[in-house]
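J.: Got a structure for you, questions after.
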Amino acid sequence: MTTPLKARVVLDRDFTIGAVDPRLFGCFVEHLGRCVYGGIYEPGHPRADARGFRQDVLELVRELNIPVMRYPGGNFVSGYNWEDGVGPREQRPRRQELAWRSIESNAFGTNEFMEWCKAAGTAPMMAVNLGTRGPEEARQLVEYCNFPGGTRLSDLRRSHGHPDPHNVKLWCLGNEADGPWQIGAKTATEYGRAAAETAKAMKWADPTIELVACGSSNRGMSTFGAWEAEVLEHTFDHVDYISLHTYYSNAADDLPAFLAKPDEMGDFIREVIATADYVAAKRRSTKRIQLSFDEWNVWYHSHGKDRAIPSWKEAQPFLEDVYTMEDALVVGGMLITLLNHADRVRIACLAQLVNVIAPMMTRAGGGVWRQTSFFPFAQASALGRGVVLRQAVSSPTYDVKGKRSDVPYLASACVLDPATGGVTLFAVNRAPSQPLQLEVDLRAFPEMKVADWSVLRHDNLKATNTEGSQPVQPMKAQGASFAQGRLSAALPPLSWNVLRLAPSGVQ
Ligand code: AHR
């Protein structure tokens, strides 16, 4: 019999981190591989509607309840001419797409995406091209999308069958502009100036929009920190958010290190907050630049395979990571980190939605299925809305040799639903072989009961889901109890847990 480890969390309903912006559960659709073509859009598929939108995919997208969807890239946007993707399909050009060495047919473009968003119950988050283009083309796209009518571009939209403006509220000023892999990569000064001028023109075209400036492509960039500071020096007065991107890998097959990655994500977030607030301090400004974590996920399984995929074809199977049980634990941990920084991270986009490093996969002409990572995202999106509570946590810890010390075995976030008074606890037990006996002290709450406990775990950490077989899925767990203001539950080793507490007398 293994001795359980013990962890304790103390909560008080008046001690909060902040209200969750629903856009924390955003996602991302890029013209990359089979995300658009063969993912959300597959004309001729038995489940596609007249517009080519796969209804089976839409059903799973709705299950994820995604409030915002970033589009059309990613690296793709830095070479994209939005005009190629609007108007009569037969007149749209086929182009060499440099970011992913593909052929872009432009059969799917801005208007199709807007229609798809409506069908999916989500709002668009559009990115403009600041790689090969600049302020004028970005401003024109705002006019095309958001101006009601009576101008050349708004009337062009109307002539394309969209009499009502799309009213796109959220826009990204380019993508990963610091990355040498990006078409039109820039120094921080070059990008900061371009982003500021583009932001001005876009907001003059529609003052109701919100803008995201590019932060570093990832925390490992040599210019990280300096980039954010310089970009915000130029754009501070014109933008609302700075972006963060990160992808984690277990290529080294070092599970303890991999499971600690969500804590690294927390360091990254706090460093960007500090940098943004440093720029505010220099101006004695009370304005706070918020964070848009608009690309995050696990990504590494497909790296090798992708190198063998021939270039200059349409919808090649790029970035088709097949996620394992252990990947789902890291995705769950990353969701916990995002929730625990909900006061400053207002937007986050799981990258991406379907087929491309995605929570769901499709087969051409065939089915759609949920990857392991689908479940933590779906559960956090469903139950992680409300107010995040500040936790006082004590947990046993472990060290990741040479990298990180004192990693708590318990990773957790607690969300209060002010409407019902219920509390949901999201928790990962990172201990490799021991249960974690968790006690949550809710002394300042009324008497509660355990409404539900769901656990995601599998004896085989490399287990995956495939079409027609879903060995990794959440199961109802028993044995959690609530007495005298305390929740008690033994979290299984290497598990993702969702524990729902409801005030006694409420279902
Ligand atoms: O999401 C895949 C790619 O990762 C995106 O196109 C790019 O922005 C990032 O490097």
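Residues are referred to by chain and number: the chain letter is A, B, ... according to the order shown in the structure tokens, the number counts from 1 in that chain, and ligands are numbered separately from 1 in the order shown.
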For ligand 1, list the contacting residues at 8 Å or closer, counting only C-alpha atoms and all ligand atoms, as a PyMOL selection string.

T.: chain A and resi 28+30+32+73-76+99+175-176+217+245+295+319+351-352+356-357

J.: Might you pull out every residue within 9 Å of A:Arg70, with only C-alpha atoms counted and same-chain residues fewer than 3 positions away left off, and present them as a PyMOL selection string?

T.: chain A and resi 26-30+73-74+123-127+170-172+294+349

J.: If we count only C-alpha atoms, what is near stretch 101-118 of chain A at a cut-off of 6 Å, once residues fewer than 2 positions away on the same chain are taken out, given as a PDB file with all heavy atoms, in the first residue's frame?

T.:
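Dumped to around30.pdb:
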ATOM      1  N   GLY A  85      -9.252  36.051 -50.939  1.00  0.00           N
ATOM      2  CA  GLY A  85     -10.211  35.097 -50.362  1.00  0.00           C
ATOM      3  C   GLY A  85     -11.624  35.627 -50.313  1.00  0.00           C
ATOM      4  O   GLY A  85     -12.443  35.080 -49.572  1.00  0.00           O
ATOM      5  N   VAL A  86     -11.935  36.699 -51.046  1.00  0.00           N
ATOM      6  CA  VAL A  86     -13.321  37.190 -51.066  1.00  0.00           C
ATOM      7  C   VAL A  86     -13.795  37.279 -52.521  1.00  0.00           C
ATOM      8  O   VAL A  86     -12.985  37.331 -53.441  1.00  0.00           O
ATOM      9  CB  VAL A  86     -13.463  38.580 -50.376  1.00  0.00           C
ATOM     10  CG1 VAL A  86     -13.129  38.480 -48.891  1.00  0.00           C
ATOM     11  CG2 VAL A  86     -12.609  39.641 -51.052  1.00  0.00           C
ATOM     12  N   ARG A  89     -15.791  32.576 -56.082  1.00  0.00           N
ATOM     13  CA  ARG A  89     -14.756  31.563 -55.848  1.00  0.00           C
ATOM     14  C   ARG A  89     -13.933  31.251 -57.105  1.00  0.00           C
ATOM     15  O   ARG A  89     -12.712  31.094 -57.038  1.00  0.00           O
ATOM     16  CB  ARG A  89     -15.423  30.286 -55.363  1.00  0.00           C
ATOM     17  CG  ARG A  89     -14.749  29.757 -54.170  1.00  0.00           C
ATOM     18  CD  ARG A  89     -15.377  28.536 -53.606  1.00  0.00           C
ATOM     19  NE  ARG A  89     -15.494  28.712 -52.177  1.00  0.00           N
ATOM     20  CZ  ARG A  89     -16.589  28.512 -51.484  1.00  0.00           C
ATOM     21  NH1 ARG A  89     -17.680  28.094 -52.083  1.00  0.00           N
ATOM     22  NH2 ARG A  89     -16.590  28.696 -50.198  1.00  0.00           N
ATOM     23  N   ARG A  94      -5.079  30.901 -57.085  1.00  0.00           N
ATOM     24  CA  ARG A  94      -4.305  29.879 -56.370  1.00  0.00           C
ATOM     25  C   ARG A  94      -2.916  30.464 -56.157  1.00  0.00           C
ATOM     26  O   ARG A  94      -2.365  31.087 -57.057  1.00  0.00           O
ATOM     27  CB  ARG A  94      -4.213  28.595 -57.211  1.00  0.00           C
ATOM     28  CG  ARG A  94      -5.522  27.851 -57.334  1.00  0.00           C
ATOM     29  CD  ARG A  94      -5.416  26.749 -58.375  1.00  0.00           C
ATOM     30  NE  ARG A  94      -4.403  25.740 -58.032  1.00  0.00           N
ATOM     31  CZ  ARG A  94      -4.577  24.780 -57.133  1.00  0.00           C
ATOM     32  NH1 ARG A  94      -5.720  24.691 -56.490  1.00  0.00           N
ATOM     33  NH2 ARG A  94      -3.622  23.899 -56.884  1.00  0.00           N
ATOM     34  N   ARG A  95      -2.369  30.273 -54.969  1.00  0.00           N
ATOM     35  CA  ARG A  95      -1.065  30.907 -54.695  1.00  0.00           C
ATOM     36  C   ARG A  95      -0.108  29.952 -54.009  1.00  0.00           C
ATOM     37  O   ARG A  95      -0.510  29.053 -53.281  1.00  0.00           O
ATOM     38  CB  ARG A  95      -1.252  32.114 -53.774  1.00  0.00           C
ATOM     39  CG  ARG A  95      -1.997  33.255 -54.405  1.00  0.00           C
ATOM     40  CD  ARG A  95      -1.356  34.566 -53.997  1.00  0.00           C
ATOM     41  NE  ARG A  95      -2.216  35.676 -54.359  1.00  0.00           N
ATOM     42  CZ  ARG A  95      -1.991  36.479 -55.385  1.00  0.00           C
ATOM     43  NH1 ARG A  95      -0.921  36.309 -56.141  1.00  0.00           N
ATOM     44  NH2 ARG A  95      -2.816  37.470 -55.640  1.00  0.00           N
ATOM     45  N   GLN A  96       1.181  30.257 -54.239  1.00  0.00           N
ATOM     46  CA  GLN A  96       2.236  29.592 -53.493  1.00  0.00           C
ATOM     47  C   GLN A  96       2.212  30.197 -52.083  1.00  0.00           C
ATOM     48  O   GLN A  96       2.282  31.420 -51.934  1.00  0.00           O
ATOM     49  CB  GLN A  96       3.562  29.934 -54.160  1.00  0.00           C
ATOM     50  CG  GLN A  96       4.578  28.864 -54.082  1.00  0.00           C
ATOM     51  CD  GLN A  96       5.925  29.318 -54.627  1.00  0.00           C
ATOM     52  OE1 GLN A  96       6.132  30.468 -55.021  1.00  0.00           O
ATOM     53  NE2 GLN A  96       6.855  28.407 -54.641  1.00  0.00           N
ATOM     54  N   GLU A  97       2.073  29.334 -51.060  1.00  0.00           N
ATOM     55  CA  GLU A  97       1.958  29.815 -49.678  1.00  0.00           C
ATOM     56  C   GLU A  97       3.280  29.501 -48.987  1.00  0.00           C
ATOM     57  O   GLU A  97       3.614  28.340 -48.744  1.00  0.00           O
ATOM     58  CB  GLU A  97       0.760  29.108 -49.031  1.00  0.00           C
ATOM     59  CG  GLU A  97       0.243  29.768 -47.778  1.00  0.00           C
ATOM     60  CD  GLU A  97       1.167  29.608 -46.605  1.00  0.00           C
ATOM     61  OE1 GLU A  97       1.297  28.461 -46.106  1.00  0.00           O
ATOM     62  OE2 GLU A  97       1.790  30.608 -46.198  1.00  0.00           O
ATOM     63  N   LEU A  98       4.046  30.562 -48.681  1.00  0.00           N
ATOM     64  CA  LEU A  98       5.434  30.355 -48.271  1.00  0.00           C
ATOM     65  C   LEU A  98       5.613  29.851 -46.835  1.00  0.00           C
ATOM     66  O   LEU A  98       6.575  29.139 -46.546  1.00  0.00           O
ATOM     67  CB  LEU A  98       6.222  31.663 -48.422  1.00  0.00           C
ATOM     68  CG  LEU A  98       6.296  32.261 -49.839  1.00  0.00           C
ATOM     69  CD1 LEU A  98       7.245  33.457 -49.848  1.00  0.00           C
ATOM     70  CD2 LEU A  98       6.756  31.232 -50.865  1.00  0.00           C
ATOM     71  N   ALA A  99       4.696  30.215 -45.936  1.00  0.00           N
ATOM     72  CA  ALA A  99       4.899  29.855 -44.523  1.00  0.00           C
ATOM     73  C   ALA A  99       4.915  28.348 -44.342  1.00  0.00           C
ATOM     74  O   ALA A  99       5.707  27.813 -43.561  1.00  0.00           O
ATOM     75  CB  ALA A  99       3.812  30.483 -43.658  1.00  0.00           C
ATOM     76  N   ALA A 120     -20.692  28.207 -35.513  1.00  0.00           N
ATOM     77  CA  ALA A 120     -19.987  27.605 -34.367  1.00  0.00           C
ATOM     78  C   ALA A 120     -20.325  28.303 -33.053  1.00  0.00           C
ATOM     79  O   ALA A 120     -19.923  27.830 -31.985  1.00  0.00           O
ATOM     80  CB  ALA A 120     -18.481  27.662 -34.604  1.00  0.00           C
ATOM     81  N   GLY A 121     -21.007  29.444 -33.126  1.00  0.00           N
ATOM     82  CA  GLY A 121     -21.328  30.194 -31.910  1.00  0.00           C
ATOM     83  C   GLY A 121     -20.100  30.846 -31.314  1.00  0.00           C
ATOM     84  O   GLY A 121     -19.951  30.916 -30.088  1.00  0.00           O
ATOM     85  N   THR A 122     -19.207  31.334 -32.166  1.00  0.00           N
ATOM     86  CA  THR A 122     -17.978  31.963 -31.681  1.00  0.00           C
ATOM     87  C   THR A 122     -17.799  33.331 -32.340  1.00  0.00           C
ATOM     88  O   THR A 122     -18.507  33.657 -33.302  1.00  0.00           O
ATOM     89  CB  THR A 122     -16.773  31.040 -31.951  1.00  0.00           C
ATOM     90  OG1 THR A 122     -15.631  31.527 -31.260  1.00  0.00           O
ATOM     91  CG2 THR A 122     -16.434  30.918 -33.424  1.00  0.00           C
ATOM     92  N   SER A 311       6.426  19.405 -50.449  1.00  0.00           N
ATOM     93  CA  SER A 311       5.955  20.792 -50.507  1.00  0.00           C
ATOM     94  C   SER A 311       5.036  21.022 -51.701  1.00  0.00           C
ATOM     95  O   SER A 311       4.949  20.200 -52.599  1.00  0.00           O
ATOM     96  CB  SER A 311       7.145  21.726 -50.648  1.00  0.00           C
ATOM     97  OG  SER A 311       8.008  21.535 -49.568  1.00  0.00           O
ATOM     98  N   TRP A 312       4.407  22.184 -51.671  1.00  0.00           N
ATOM     99  CA  TRP A 312       3.594  22.722 -52.766  1.00  0.00           C
ATOM    100  C   TRP A 312       2.434  21.809 -53.173  1.00  0.00           C
ATOM    101  O   TRP A 312       2.224  21.510 -54.336  1.00  0.00           O
ATOM    102  CB  TRP A 312       4.472  23.078 -53.974  1.00  0.00           C
ATOM    103  CG  TRP A 312       5.697  23.855 -53.569  1.00  0.00           C
ATOM    104  CD1 TRP A 312       6.980  23.544 -53.851  1.00  0.00           C
ATOM    105  CD2 TRP A 312       5.730  25.060 -52.782  1.00  0.00           C
ATOM    106  NE1 TRP A 312       7.834  24.463 -53.291  1.00  0.00           N
ATOM    107  CE2 TRP A 312       7.088  25.420 -52.621  1.00  0.00           C
ATOM    108  CE3 TRP A 312       4.765  25.869 -52.176  1.00  0.00           C
ATOM    109  CZ2 TRP A 312       7.492  26.547 -51.902  1.00  0.00           C
ATOM    110  CZ3 TRP A 312       5.168  26.985 -51.448  1.00  0.00           C
ATOM    111  CH2 TRP A 312       6.504  27.315 -51.327  1.00  0.00           C
ATOM    112  N   LYS A 313       1.734  21.358 -52.145  1.00  0.00           N
ATOM    113  CA  LYS A 313       0.477  20.641 -52.360  1.00  0.00           C
ATOM    114  C   LYS A 313      -0.561  21.292 -51.444  1.00  0.00           C
ATOM    115  O   LYS A 313      -0.218  22.007 -50.512  1.00  0.00           O
ATOM    116  CB  LYS A 313       0.621  19.170 -51.992  1.00  0.00           C
ATOM    117  CG  LYS A 313       1.540  18.399 -52.930  1.00  0.00           C
ATOM    118  CD  LYS A 313       1.421  16.915 -52.646  1.00  0.00           C
ATOM    119  CE  LYS A 313       2.354  16.077 -53.484  1.00  0.00           C
ATOM    120  NZ  LYS A 313       2.270  16.269 -54.904  1.00  0.00           N
ATOM    121  N   GLU A 314      -1.839  20.996 -51.714  1.00  0.00           N
ATOM    122  CA  GLU A 314      -2.894  21.559 -50.866  1.00  0.00           C
ATOM    123  C   GLU A 314      -3.153  20.656 -49.663  1.00  0.00           C
ATOM    124  O   GLU A 314      -3.111  19.434 -49.795  1.00  0.00           O
ATOM    125  CB  GLU A 314      -4.209  21.663 -51.654  1.00  0.00           C
ATOM    126  CG  GLU A 314      -4.199  22.747 -52.707  1.00  0.00           C
ATOM    127  CD  GLU A 314      -5.482  22.764 -53.524  1.00  0.00           C
ATOM    128  OE1 GLU A 314      -6.570  22.825 -52.916  1.00  0.00           O
ATOM    129  OE2 GLU A 314      -5.392  22.693 -54.763  1.00  0.00           O
TER     130      GLU A 314
END

J.: Enumerate as number ranges by chain all residues of stretch 297-451 of chain A assigned to strand (DSSP E or B) by DSSP on the backbone, naming them with the chain letters and numbers the document uses.

T.: A: 297-298, 324, 345-351, 354, 360-362, 368-370, 387-389, 392-394, 397-400, 404-408, 410-417, 422-429, 436-441, 448-451

J.: For A:Ile40, work out the shell of residues within 6 Å, counting only C-alpha atoms and skipping chain neighbours fewer than 3 positions away, then give it as a list in words.

T.: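 What passes the distance filter is Val36, Phe53 and Arg54 of chain A.
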
J.: For each of A:Phe258, A:Phe318, A:Phe236, A:Trp369, take the minimum atom-to-atom distance to A:Tyr278, counting only C-alpha atoms, then give the residue where this is smallest.

T.: A:Phe236

J.: Quick one: contact table of stretch 295-379 of chain A to stretch 193-213 of chain A, 12 Å max, nearest atom pair and distance in Å to one decimal per residue, counting only C-alpha atoms, chain and number order, as CSV?

T.:
residue,atom,partner,partner_atom,distance
A:Arg346,CA,A:Val212,CA,11.3
A:Ile347,CA,A:Val212,CA,10.0
A:Ala348,CA,A:Val212,CA,11.8
